[in-house]
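Input: a single structure, listed below in structure tokens.
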Amino acid sequence: MKDKPTIMIVDDEESNVKLLESFLLPYGYEVARAYDGTRALQLLEEVSIDLIFLDIIMPGLSGFDVLREIKESEKNRFIPVVLITALASKENRITGLEIGADDFMSKPFDSTVLLARTRSLLRIKSLYDRLQQSYEDLKRAEKSKELMTHMIIHDLNNPLMVMTSSLELMSLELEGRFSSNDIIAPVNILRACKRMQRLIDNILDTCKMEDDRLRLEYESIDISGLFYDLTNEYKGEALARQTKIYSCVKDDVPQVTVDVNLITRVLENLISNALKCIKKGEIGLNAFFDEAADSVYINVTDNGRGIPSEYLARIFDKYEQVEMKKKGVTRDSGLGLTFCKMAIEAHGGKIWAESELGKGSAFTFSLPVPGQ
């Protein structure tokens with residue numbers, strides 16, 4: 001709050017303005033005068049006002065008209081307004097409250113009550129101003145963080161694209177010279193580059209979904225075909241971990257209309273997380289159709305080490321990921337599971353995790369299939 005709060009008195013009778021002014025000036029308040037509603041609204045554009053005493057009965061714009069303009073203004077709606085009237089009718093108070101009045105005072109004025117209400121409402125205005133300032137500071141910090149994130153991602157993308165293209169050519173040229181278990185095989189390095197690209201895309205798309213800027217590009221897809229591509233893509237990495245990756249799609253599962261890129265990346269995140277938590281086991285991609293729910297359900301299961309039950313409700317929360325990773329609960333790479341949750345919810349579905357320590361985990365999500 002300013003050193004000297006500014007209080008505006010709006011009344012068409014000069015004697016009333018001077019009387020209120022005589023109560024307020026000795027206590028260090030600045031006073032702005034307006035003798036009609038039009039001038040009051042002009043002053044609000046010219047001066048920073050902290051509190052308004054507003055007469056109801058005035059020629060031209062009434063106090064109710066002015067109050068309505070104030071409370072509908074994005075800039076001024078949090079300025080406390082005290083309605084002043086000689087009329088103590090219930091109807092006036094109800095109307096004032098409905099429009100947004102913060103308090104009422106009747107003529108003749110009681111100086112003690114007036115000063116007590118002034119101090120109280122100015123405290124409220126001060127708290128709002130501090131809250132608004134904190135909000136503005138937070139928005140600036142968030143904007144700076146977002147700009148920095150986009151700059152870093154842009155700088156990472158360019159060399160990553162060059163590396164990926166070069167490795168794809170090397171994989172073709174050197175095919176057969178390395179085994180799939182060889183860590184320096186171009187295909188394995190290429191897989192790591194693609195994983196890095198997926199992490200970058202997760203960050204970008206999570207930011208877009210948080211700001212409601214991501215537009216889904218829908219197309220119809222067959223789940224069996226998607227599972228076939230994914231099991232082939234991860235077969236080499238699974239073999240290196242002595243793990244079998246398989247898929248099972250029930251016969252009645254229909255095609256789904258989704259953003260194929262997003263859903264593919266959801267499954268890639270879930271498969272990658274399963275691979276990090278398993279050795280000598282199995283990872284399953286399963287899909288079935290629930291006609292009653294008009295939804296296709298897809299899950300990624302593993303028989304790895306499992307997740308403690310107390311973390312299951314929080315595992316998709318981006319603010320929990322760092323702490324859970326420190327404790328070894330999850331090996332998710334940053335925003336992976338948060339991205340999965342937001343991508344599935346953007347499709348109108350839900351995602352959840354079930355797990356038992358020492359026996360494995362299942363991550364399941366639903367995709368609505370209208371009209372089936």
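Order determines the names: the first chain of the structure tokens is A, the second B, and so forth; residues in each chain are numbered 1 upward, and ligands are numbered 1 upward as they are shown.
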
(message) Give me, as a VMD selection string, all polymer residues having an atom no more than 12 Å from Asp129 (chain A), counting only C-alpha atoms and skipping those fewer than 5 positions away in the same chain.
(response) chain A and resid 1 to 2 48 to 50 75 to 76 78 to 80 122 to 124 134 to 136

Residue neighbourhood region 18-24 of chain A, 12 Å, only C-alpha atoms, exclusion window fewer than 6 positions, as a PDB file with C-alpha atoms, in the first residue's frame:
ATOM      1  CA  LYS A   4      -0.762   7.786   2.010  1.00  0.00           C
ATOM      2  CA  PRO A   5      -3.827   5.859   0.841  1.00  0.00           C
ATOM      3  CA  THR A   6      -6.102   7.808  -1.482  1.00  0.00           C
ATOM      4  CA  ILE A   7      -9.808   7.831  -0.688  1.00  0.00           C
ATOM      5  CA  MET A   8     -12.348   9.118  -3.185  1.00  0.00           C
ATOM      6  CA  ILE A   9     -15.541  10.762  -1.921  1.00  0.00           C
ATOM      7  CA  VAL A  10     -18.382  10.856  -4.435  1.00  0.00           C
ATOM      8  CA  ASP A  11     -21.363  13.025  -3.436  1.00  0.00           C
ATOM      9  CA  ASP A  12     -23.291  15.785  -5.214  1.00  0.00           C
ATOM     10  CA  GLU A  30      -5.271  11.706   0.646  1.00  0.00           C
ATOM     11  CA  VAL A  31      -8.734  12.683  -0.554  1.00  0.00           C
ATOM     12  CA  ALA A  32     -10.026  12.883  -4.133  1.00  0.00           C
ATOM     13  CA  ARG A  33     -13.373  14.643  -4.681  1.00  0.00           C
ATOM     14  CA  ALA A  34     -16.056  13.917  -7.247  1.00  0.00           C
ATOM     15  CA  TYR A  35     -19.434  15.689  -7.269  1.00  0.00           C
ATOM     16  CA  LEU A  51     -11.193   3.253  -1.150  1.00  0.00           C
ATOM     17  CA  ILE A  52     -14.414   4.910  -2.331  1.00  0.00           C
ATOM     18  CA  PHE A  53     -17.239   6.484  -0.327  1.00  0.00           C
ATOM     19  CA  LEU A  54     -20.128   6.660  -2.799  1.00  0.00           C
ATOM     20  CA  ASP A  55     -23.473   8.407  -2.369  1.00  0.00           C
ATOM     21  CA  ILE A  84     -23.580   6.230   1.634  1.00  0.00           C
ATOM     22  CA  MET A 105     -22.909   3.958   5.961  1.00  0.00           C
ATOM     23  CA  LYS A 107     -26.192   9.791   7.234  1.00  0.00           C
ATOM     24  CA  PRO A 108     -25.565  11.399   9.649  1.00  0.00           C
ATOM     25  CA  PHE A 109     -22.029   9.997   9.938  1.00  0.00           C
ATOM     26  CA  ASP A 110     -20.464   8.555  13.062  1.00  0.00           C
ATOM     27  CA  SER A 111     -16.782   9.515  12.779  1.00  0.00           C
ATOM     28  CA  THR A 112     -15.571   6.646  15.002  1.00  0.00           C
ATOM     29  CA  VAL A 113     -17.410   4.026  12.972  1.00  0.00           C
ATOM     30  CA  LEU A 114     -16.337   5.650   9.696  1.00  0.00           C
ATOM     31  CA  LEU A 115     -12.628   5.608  10.634  1.00  0.00           C
ATOM     32  CA  ALA A 116     -12.808   2.021  11.901  1.00  0.00           C
ATOM     33  CA  ARG A 117     -14.391   0.857   8.632  1.00  0.00           C
ATOM     34  CA  THR A 118     -11.861   2.877   6.642  1.00  0.00           C
ATOM     35  CA  ARG A 119      -8.914   1.186   8.362  1.00  0.00           C
TER      36      ARG A 119
END

(request) Could you pull out the residues in region 228-259 of chain A that DSSP calls helix (DSSP H, G or I) from the backbone, as an MDAnalysis selection string? (result) chainID A and resid 228:240

(request) Point out the residue among A:Asn286, A:Ile223, A:Ala240, A:Asp251 with the least atom-to-atom distance to Thr264 (chain A), counting only C-alpha atoms. (result) A:Ile223

(message) Which residues are near Gly306 (chain A)? Cut-off 12 Å, only C-alpha atoms, ignore same chain within fewer than 5 positions. Put them as an MDAnalysis selection string.
(response) chainID A and resid 273:274 276:278 301 311:312 328:331 353:363

Any chance you could export the current selection's C-alpha atoms as a PDB file, in the first residue's frame?
ATOM      1  CA  ASN A 273       9.810 -46.700 -17.916  1.00  0.00           C
ATOM      2  CA  ALA A 274       8.991 -50.416 -17.742  1.00  0.00           C
ATOM      3  CA  LYS A 276      14.209 -49.231 -16.800  1.00  0.00           C
ATOM      4  CA  CYS A 277      12.602 -51.147 -13.938  1.00  0.00           C
ATOM      5  CA  ILE A 278      12.971 -54.720 -15.179  1.00  0.00           C
ATOM      6  CA  THR A 301       2.332 -54.243 -17.715  1.00  0.00           C
ATOM      7  CA  TYR A 311       3.201 -43.174  -4.287  1.00  0.00           C
ATOM      8  CA  LEU A 312       0.642 -44.418  -6.811  1.00  0.00           C
ATOM      9  CA  GLY A 328      14.309 -44.622  -6.347  1.00  0.00           C
ATOM     10  CA  VAL A 329      10.539 -44.991  -6.567  1.00  0.00           C
ATOM     11  CA  THR A 330      10.476 -44.192 -10.277  1.00  0.00           C
ATOM     12  CA  ARG A 331      12.973 -43.828 -13.073  1.00  0.00           C
ATOM     13  CA  ALA A 353      -1.259 -47.034 -12.104  1.00  0.00           C
ATOM     14  CA  GLU A 354      -1.553 -50.272 -10.144  1.00  0.00           C
ATOM     15  CA  SER A 355       1.413 -52.010  -8.595  1.00  0.00           C
ATOM     16  CA  GLU A 356       2.639 -54.535  -6.060  1.00  0.00           C
ATOM     17  CA  LEU A 357       6.172 -54.481  -4.710  1.00  0.00           C
ATOM     18  CA  GLY A 358       8.272 -57.297  -6.096  1.00  0.00           C
ATOM     19  CA  LYS A 359       5.586 -58.359  -8.571  1.00  0.00           C
ATOM     20  CA  GLY A 360       5.338 -55.526 -11.070  1.00  0.00           C
ATOM     21  CA  SER A 361       3.177 -52.657 -12.293  1.00  0.00           C
ATOM     22  CA  ALA A 362       0.376 -51.921 -14.727  1.00  0.00           C
ATOM     23  CA  PHE A 363      -0.243 -48.497 -16.245  1.00  0.00           C
TER      24      PHE A 363
END

(request) Would you mind listing what lies within 9 Å of Lys250 (chain A) as a ChimeraX atom specification, with only C-alpha atoms counted and same-chain residues fewer than 5 positions away left out? (result) /A:286-289

(request) Might you pull out every residue within 9 Å of Glu268 (chain A), with only C-alpha atoms counted and same-chain residues fewer than 3 positions away left off, and present them as number ranges by chain? (result) A: 198, 230, 234, 263-265, 271-273

(request) Find the spatial neighbours of region 166-169 of chain A, counting only C-alpha atoms, within a cut-off of 9 Å - ignore same-chain residues fewer than 5 positions away - and output them as a ChimeraX atom specification. (result) /A:161,174,186-187,189-190

Next, the residues of the selection above should be written as a short mmCIF file (atom, residue, chain, number, x, y, z; two decimals), in the first residue's frame with N, CA and C atoms.
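Contents of the output file again-v2.cif:
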data_model
loop_
_atom_site.label_atom_id
_atom_site.label_comp_id
_atom_site.auth_asym_id
_atom_site.auth_seq_id
_atom_site.Cartn_x
_atom_site.Cartn_y
_atom_site.Cartn_z
N MET A 161 19.10 -33.12 -34.37
CA MET A 161 18.65 -33.51 -35.70
C MET A 161 19.81 -33.94 -36.59
N LEU A 174 26.69 -49.49 -41.91
CA LEU A 174 27.40 -50.45 -41.05
C LEU A 174 26.52 -51.60 -40.60
N PRO A 186 25.58 -48.16 -34.01
CA PRO A 186 24.84 -46.94 -34.37
C PRO A 186 23.36 -47.02 -34.06
N VAL A 187 22.77 -48.21 -34.20
CA VAL A 187 21.34 -48.33 -33.93
C VAL A 187 21.01 -48.05 -32.47
N ILE A 189 22.89 -46.08 -30.44
CA ILE A 189 23.09 -44.64 -30.23
C ILE A 189 21.91 -43.86 -30.81
N LEU A 190 21.44 -44.33 -31.97
CA LEU A 190 20.28 -43.69 -32.59
C LEU A 190 19.06 -43.79 -31.69
#

Near region 344-350 of chain A, 10 Å: region 238-332 of chain A residue rows, closest pairs, only C-alpha atoms, as a tab-separated table:
residue	atom	partner	partner_atom	distance
A:Thr257	CA	A:His347	CA	9.5
A:Val258	CA	A:His347	CA	7.2
A:Asp259	CA	A:His347	CA	8.2
A:Leu262	CA	A:Ile344	CA	8.5
A:Ile263	CA	A:Ile344	CA	7.6
A:Val266	CA	A:Ile344	CA	8.1
A:Ser295	CA	A:Gly349	CA	8.5
A:Val296	CA	A:Gly349	CA	9.5
A:Tyr297	CA	A:Gly349	CA	9.4

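Distances to Leu214 (chain A) were evaluated for A:Ala343, A:Ile94, A:Val253, A:Leu127 using only C-alpha atoms, and the minimum falls at A:Ala343.
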
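Coordinates place CA of Asp252 (chain A) at a distance of 20.9 Å from CA of Thr231 (chain A).
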
(request) Choose the residue, out of A:Ala141, A:Leu44, A:Leu204, A:Leu61, that has the smallest atom-to-atom separation from Ser73 (chain A); count only C-alpha atoms. (result) A:Leu44

Considering only strand (DSSP E or B) as DSSP defines it on the backbone, what residues of region 11-138 of chain A qualify? List them as a PDB file with N, CA, C and O atoms, in the first residue's frame.
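As written to disk, result-v5.pdb reads:
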ATOM      1  N   GLU A  30      -5.038  10.812   1.767  1.00  0.00           N
ATOM      2  CA  GLU A  30      -5.271  11.706   0.646  1.00  0.00           C
ATOM      3  C   GLU A  30      -6.736  11.575   0.242  1.00  0.00           C
ATOM      4  O   GLU A  30      -7.310  10.488   0.292  1.00  0.00           O
ATOM      5  N   VAL A  31      -7.326  12.703  -0.170  1.00  0.00           N
ATOM      6  CA  VAL A  31      -8.734  12.683  -0.554  1.00  0.00           C
ATOM      7  C   VAL A  31      -8.893  13.203  -1.972  1.00  0.00           C
ATOM      8  O   VAL A  31      -8.341  14.248  -2.335  1.00  0.00           O
ATOM      9  N   ALA A  32      -9.652  12.446  -2.781  1.00  0.00           N
ATOM     10  CA  ALA A  32     -10.026  12.883  -4.133  1.00  0.00           C
ATOM     11  C   ALA A  32     -11.526  13.135  -4.140  1.00  0.00           C
ATOM     12  O   ALA A  32     -12.296  12.318  -3.641  1.00  0.00           O
ATOM     13  N   ARG A  33     -11.953  14.267  -4.702  1.00  0.00           N
ATOM     14  CA  ARG A  33     -13.373  14.643  -4.681  1.00  0.00           C
ATOM     15  C   ARG A  33     -14.017  14.438  -6.048  1.00  0.00           C
ATOM     16  O   ARG A  33     -13.404  14.708  -7.084  1.00  0.00           O
ATOM     17  N   ALA A  34     -15.251  13.983  -6.023  1.00  0.00           N
ATOM     18  CA  ALA A  34     -16.056  13.917  -7.247  1.00  0.00           C
ATOM     19  C   ALA A  34     -17.488  14.269  -6.867  1.00  0.00           C
ATOM     20  O   ALA A  34     -18.049  13.684  -5.933  1.00  0.00           O
ATOM     21  N   LEU A  51      -9.898   3.437  -1.802  1.00  0.00           N
ATOM     22  CA  LEU A  51     -11.193   3.253  -1.150  1.00  0.00           C
ATOM     23  C   LEU A  51     -12.143   4.324  -1.670  1.00  0.00           C
ATOM     24  O   LEU A  51     -11.723   5.446  -1.959  1.00  0.00           O
ATOM     25  N   ILE A  52     -13.422   3.955  -1.805  1.00  0.00           N
ATOM     26  CA  ILE A  52     -14.414   4.910  -2.331  1.00  0.00           C
ATOM     27  C   ILE A  52     -15.602   4.987  -1.375  1.00  0.00           C
ATOM     28  O   ILE A  52     -16.163   3.954  -0.982  1.00  0.00           O
ATOM     29  N   PHE A  53     -15.965   6.220  -1.000  1.00  0.00           N
ATOM     30  CA  PHE A  53     -17.239   6.484  -0.327  1.00  0.00           C
ATOM     31  C   PHE A  53     -18.172   7.040  -1.400  1.00  0.00           C
ATOM     32  O   PHE A  53     -17.888   8.082  -2.003  1.00  0.00           O
ATOM     33  N   LEU A  54     -19.286   6.364  -1.640  1.00  0.00           N
ATOM     34  CA  LEU A  54     -20.128   6.660  -2.799  1.00  0.00           C
ATOM     35  C   LEU A  54     -21.576   6.886  -2.381  1.00  0.00           C
ATOM     36  O   LEU A  54     -22.229   5.989  -1.829  1.00  0.00           O
ATOM     37  N   ASP A  55     -22.070   8.101  -2.657  1.00  0.00           N
ATOM     38  CA  ASP A  55     -23.473   8.407  -2.369  1.00  0.00           C
ATOM     39  C   ASP A  55     -24.369   7.705  -3.395  1.00  0.00           C
ATOM     40  O   ASP A  55     -24.013   7.580  -4.571  1.00  0.00           O
ATOM     41  N   VAL A  81     -15.788  -0.368  -1.947  1.00  0.00           N
ATOM     42  CA  VAL A  81     -16.756   0.724  -2.124  1.00  0.00           C
ATOM     43  C   VAL A  81     -17.738   0.701  -0.952  1.00  0.00           C
ATOM     44  O   VAL A  81     -18.378  -0.329  -0.685  1.00  0.00           O
ATOM     45  N   VAL A  82     -17.859   1.854  -0.274  1.00  0.00           N
ATOM     46  CA  VAL A  82     -18.825   2.015   0.816  1.00  0.00           C
ATOM     47  C   VAL A  82     -19.953   2.897   0.292  1.00  0.00           C
ATOM     48  O   VAL A  82     -19.730   4.038  -0.114  1.00  0.00           O
ATOM     49  N   LEU A  83     -21.162   2.363   0.268  1.00  0.00           N
ATOM     50  CA  LEU A  83     -22.316   3.137  -0.187  1.00  0.00           C
ATOM     51  C   LEU A  83     -22.837   4.007   0.953  1.00  0.00           C
ATOM     52  O   LEU A  83     -23.015   3.530   2.078  1.00  0.00           O
ATOM     53  N   ILE A  84     -23.073   5.278   0.636  1.00  0.00           N
ATOM     54  CA  ILE A  84     -23.580   6.230   1.634  1.00  0.00           C
ATOM     55  C   ILE A  84     -24.967   6.695   1.218  1.00  0.00           C
ATOM     56  O   ILE A  84     -25.194   7.077   0.065  1.00  0.00           O
ATOM     57  N   THR A  85     -25.887   6.648   2.143  1.00  0.00           N
ATOM     58  CA  THR A  85     -27.249   7.077   1.830  1.00  0.00           C
ATOM     59  C   THR A  85     -27.986   7.474   3.096  1.00  0.00           C
ATOM     60  O   THR A  85     -27.675   6.986   4.187  1.00  0.00           O
ATOM     61  N   ASP A 103     -19.538  -2.260   1.824  1.00  0.00           N
ATOM     62  CA  ASP A 103     -20.047  -1.834   3.122  1.00  0.00           C
ATOM     63  C   ASP A 103     -21.064  -0.707   2.896  1.00  0.00           C
ATOM     64  O   ASP A 103     -21.226  -0.212   1.784  1.00  0.00           O
ATOM     65  N   PHE A 104     -21.759  -0.314   3.982  1.00  0.00           N
ATOM     66  CA  PHE A 104     -22.772   0.748   3.919  1.00  0.00           C
ATOM     67  C   PHE A 104     -22.571   1.687   5.096  1.00  0.00           C
ATOM     68  O   PHE A 104     -22.166   1.262   6.182  1.00  0.00           O
ATOM     69  N   MET A 105     -22.859   2.992   4.867  1.00  0.00           N
ATOM     70  CA  MET A 105     -22.909   3.958   5.961  1.00  0.00           C
ATOM     71  C   MET A 105     -24.100   4.871   5.727  1.00  0.00           C
ATOM     72  O   MET A 105     -24.386   5.275   4.592  1.00  0.00           O
ATOM     73  N   SER A 106     -24.804   5.177   6.811  1.00  0.00           N
ATOM     74  CA  SER A 106     -25.977   6.043   6.714  1.00  0.00           C
ATOM     75  C   SER A 106     -25.663   7.418   7.282  1.00  0.00           C
ATOM     76  O   SER A 106     -24.836   7.570   8.189  1.00  0.00           O
TER      77      SER A 106
END

(request) Take CA of Lys318 (chain A) and CA of Thr243 (chain A) and report the distance between them in Å, one decimal. (result) 28.7 Å

(request) For each of A:Lys244, A:Lys194, A:Arg314, A:Arg130, take the minimum atom-to-atom distance to Gly284 (chain A), counting only C-alpha atoms, then give the residue where this is smallest. (result) A:Lys244
